[in-house]
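Enquirer: Sharing protein.cif here; it has mmCIF, C-alpha atoms.
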data_final
#
loop_
_atom_site.label_atom_id
_atom_site.label_comp_id
_atom_site.auth_asym_id
_atom_site.auth_seq_id
_atom_site.Cartn_x
_atom_site.Cartn_y
_atom_site.Cartn_z
CA MET A 284 -20.09 -4.29 -32.66
CA ALA A 285 -16.97 -4.37 -30.52
CA LYS A 286 -15.90 -7.61 -28.93
CA LYS A 287 -16.48 -7.87 -25.17
CA ARG A 288 -13.35 -8.06 -23.08
CA GLU A 289 -12.80 -11.28 -21.20
CA ARG A 290 -12.54 -11.16 -17.40
CA LEU A 291 -8.77 -11.74 -17.35
CA ASP A 292 -8.24 -9.04 -19.97
CA VAL A 293 -10.13 -6.54 -17.80
CA ILE A 294 -8.05 -7.52 -14.77
CA LYS A 295 -4.84 -7.22 -16.80
CA ASP A 296 -5.90 -3.79 -18.09
CA ILE A 297 -6.67 -2.50 -14.59
CA LEU A 298 -3.40 -3.80 -13.16
CA LYS A 299 -1.42 -2.42 -16.09
CA VAL A 300 -2.88 1.07 -15.62
CA ILE A 301 -1.98 0.95 -11.93
CA ARG A 302 1.56 -0.28 -12.67
CA ASP A 303 2.12 2.38 -15.33
CA SER A 304 0.91 5.10 -12.94
CA ARG A 305 2.60 3.69 -9.81
CA GLN A 306 -0.24 5.25 -7.82
CA ILE A 307 -3.61 6.24 -9.18
CA LYS A 308 -6.76 7.76 -7.75
CA PRO A 309 -10.00 5.77 -8.01
CA THR A 310 -11.72 8.14 -10.46
CA ARG A 311 -8.78 8.13 -12.87
CA LEU A 312 -8.62 4.34 -12.68
CA LEU A 313 -12.36 4.11 -13.34
CA TYR A 314 -12.01 6.20 -16.50
CA ALA A 315 -8.93 4.29 -17.66
CA SER A 316 -10.59 0.92 -17.09
CA ASN A 317 -13.56 1.85 -19.31
CA LEU A 318 -16.03 0.02 -17.06
CA SER A 319 -19.32 1.00 -15.49
CA PRO A 320 -18.96 2.17 -11.89
CA GLN A 321 -20.57 -1.02 -10.54
CA MET A 322 -18.39 -3.33 -12.66
CA PHE A 323 -15.34 -1.29 -11.66
CA LYS A 324 -16.21 -1.65 -7.99
CA ASP A 325 -16.64 -5.41 -8.36
CA TYR A 326 -13.27 -5.83 -10.07
CA VAL A 327 -11.42 -3.55 -7.64
CA ASP A 328 -12.98 -5.28 -4.63
CA GLU A 329 -11.81 -8.63 -5.98
CA LEU A 330 -8.30 -7.33 -6.65
CA LEU A 331 -8.11 -5.87 -3.14
CA THR A 332 -9.40 -9.07 -1.55
CA LYS A 333 -6.88 -11.18 -3.47
CA ASN A 334 -4.05 -8.73 -2.64
CA PHE A 335 -3.23 -7.78 -6.22
CA VAL A 336 -3.62 -4.09 -5.34
CA LYS A 337 -3.57 -2.09 -2.15
CA THR A 338 -5.04 1.24 -1.13
CA GLU A 339 -3.02 4.01 0.39
CA ILE A 340 -3.76 7.51 1.56
CA ASP A 341 -1.60 10.12 -0.19
CA LYS A 342 -0.22 13.31 1.31
CA ASN A 343 -3.49 15.15 0.49
CA ASP A 344 -5.60 12.55 2.34
CA LYS A 345 -6.79 11.10 -0.97
CA LYS A 346 -7.21 7.39 -1.56
CA THR A 347 -4.90 5.87 -4.17
CA PHE A 348 -4.33 2.40 -5.56
CA SER A 349 -0.93 0.82 -6.05
CA LEU A 350 0.21 -2.58 -7.23
CA THR A 351 1.44 -5.25 -4.84
CA LYS A 352 4.16 -7.75 -5.66
CA LYS A 353 1.46 -10.34 -6.35
CA GLY A 354 -0.21 -7.99 -8.86
CA ASN A 355 3.11 -7.31 -10.55
CA ASP A 356 3.88 -11.04 -10.71
CA PHE A 357 0.44 -11.66 -12.27
CA LEU A 358 1.19 -9.15 -15.05
CA ASP A 359 4.58 -10.75 -15.72
CA GLN A 360 3.07 -14.24 -15.92
CA TYR A 361 0.15 -13.03 -18.04
CA LYS A 362 2.61 -11.56 -20.56
CA ILE A 363 4.36 -14.95 -20.80
CA ILE A 364 1.01 -16.64 -21.51
CA GLU A 365 0.12 -14.02 -24.14
CA ASN A 366 3.46 -14.55 -25.88
CA PHE A 367 2.99 -18.33 -25.79
CA ILE A 368 -0.45 -18.08 -27.39
CA GLU A 369 0.79 -15.59 -29.99
CA ASN A 370 3.73 -17.85 -30.93
CA PHE A 371 1.30 -20.64 -31.78
CA GLY A 372 -1.02 -18.36 -33.73
CA LEU A 373 -4.04 -18.92 -31.50
#
Since I need it in another form, could you write the structure as structure tokens?
Expert:
Amino acid sequence: MAKKRERLDVIKDILKVIRDSRQIKPTRLLYASNLSPQMFKDYVDELLTKNFVKTEIDKNDKKTFSLTKKGNDFLDQYKIIENFIENFGL
């Protein structure tokens, strides 16, 4: 049985997909996040509330998500923590 992802890993994965895409539509992000629709909504609502991501309307009047500076900073700091843990073999 596969190991469940921790909350911070899910957040990191969502933010990373958004950063890699620059802008991404909700359905694509849902598929990429590999979460149930309700779990996805909960995570995205939290990220919006905490200003890690923002919504925009593209030229075709479609909603898209993009990363804020705070979201980008989180990913940078998370990478530092991952490297620290890896260096100590934990």
Enquirer: On this structure, which residues satisfy the PyMOL selection byres ((chain A and resi 345) around 12), written as JSON, numbers by chain?
Expert: {"A": [306, 307, 308, 309, 310, 338, 339, 340, 341, 342, 343, 344, 346, 347, 348]}
Enquirer: Find the distance between CA of Leu318 in chain A and CA of Lys362 in chain A and write it in Å to one decimal.
Expert: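 Atom-to-atom, CA of Leu318 in chain A and CA of Lys362 in chain A are spaced 22.2 Å apart.
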Enquirer: Under the PyMOL selection byres ((chain A and resi 334) around 12), which residues of this model are included? Write them out as a PyMOL selection string.
Expert: chain A and resi 298+327-333+335-338+348-357
Enquirer: Quick one: residues within 9 Å of range 324-326 of chain A, only C-alpha atoms counted, chain neighbours fewer than 5 positions away excluded, as a PDB file with C-alpha atoms, keeping the file's coordinate frame?
Expert:
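The file below, part-v9.pdb, is the result:
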ATOM      1  CA  VAL A 293     -10.130  -6.540 -17.800  1.00  0.00           C
ATOM      2  CA  ILE A 294      -8.050  -7.520 -14.770  1.00  0.00           C
ATOM      3  CA  ILE A 297      -6.670  -2.500 -14.590  1.00  0.00           C
ATOM      4  CA  LEU A 313     -12.360   4.110 -13.340  1.00  0.00           C
ATOM      5  CA  SER A 319     -19.320   1.000 -15.490  1.00  0.00           C
ATOM      6  CA  LEU A 331      -8.110  -5.870  -3.140  1.00  0.00           C
TER       7      LEU A 331
END
Enquirer: Can you tell me how far CA of Phe367 in chain A sits from CA of Arg288 in chain A, in Å to one decimal?
Expert: 19.5 Å
Enquirer: I'd like the interatomic distance between CA of Leu312 in chain A and CA of Asn366 in chain A, to a tenth of an Å.
Expert: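 A separation of 26.0 Å between them.
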Enquirer: Could you work out an axis-aligned bounding box for all listed atoms of range 354-367 of chain A, with 8 Å added on each of the six sides, and give its centre and edge lengths in Å to one decimal, as JSON?
Expert:
{"center_x": 2.2, "center_y": -12.8, "center_z": -17.4, "size_x": 20.8, "size_y": 27.0, "size_z": 33.0}
Enquirer: Which of these residues is nearest to Gln360 in chain A, using only C-alpha atoms: A:Arg305, A:Arg311, A:Lys287, A:Lys295?
Expert: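 Answer, going by the shortest atom-to-atom distance: A:Lys295.
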Enquirer: Find, counting only C-alpha atoms, the residue in A:Leu358, A:Leu291, A:Asn317, A:Met322 that gets nearest to Asp303 in chain A.
Expert: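 That would be A:Leu358, the residue with the smallest distance to Asp303 in chain A.
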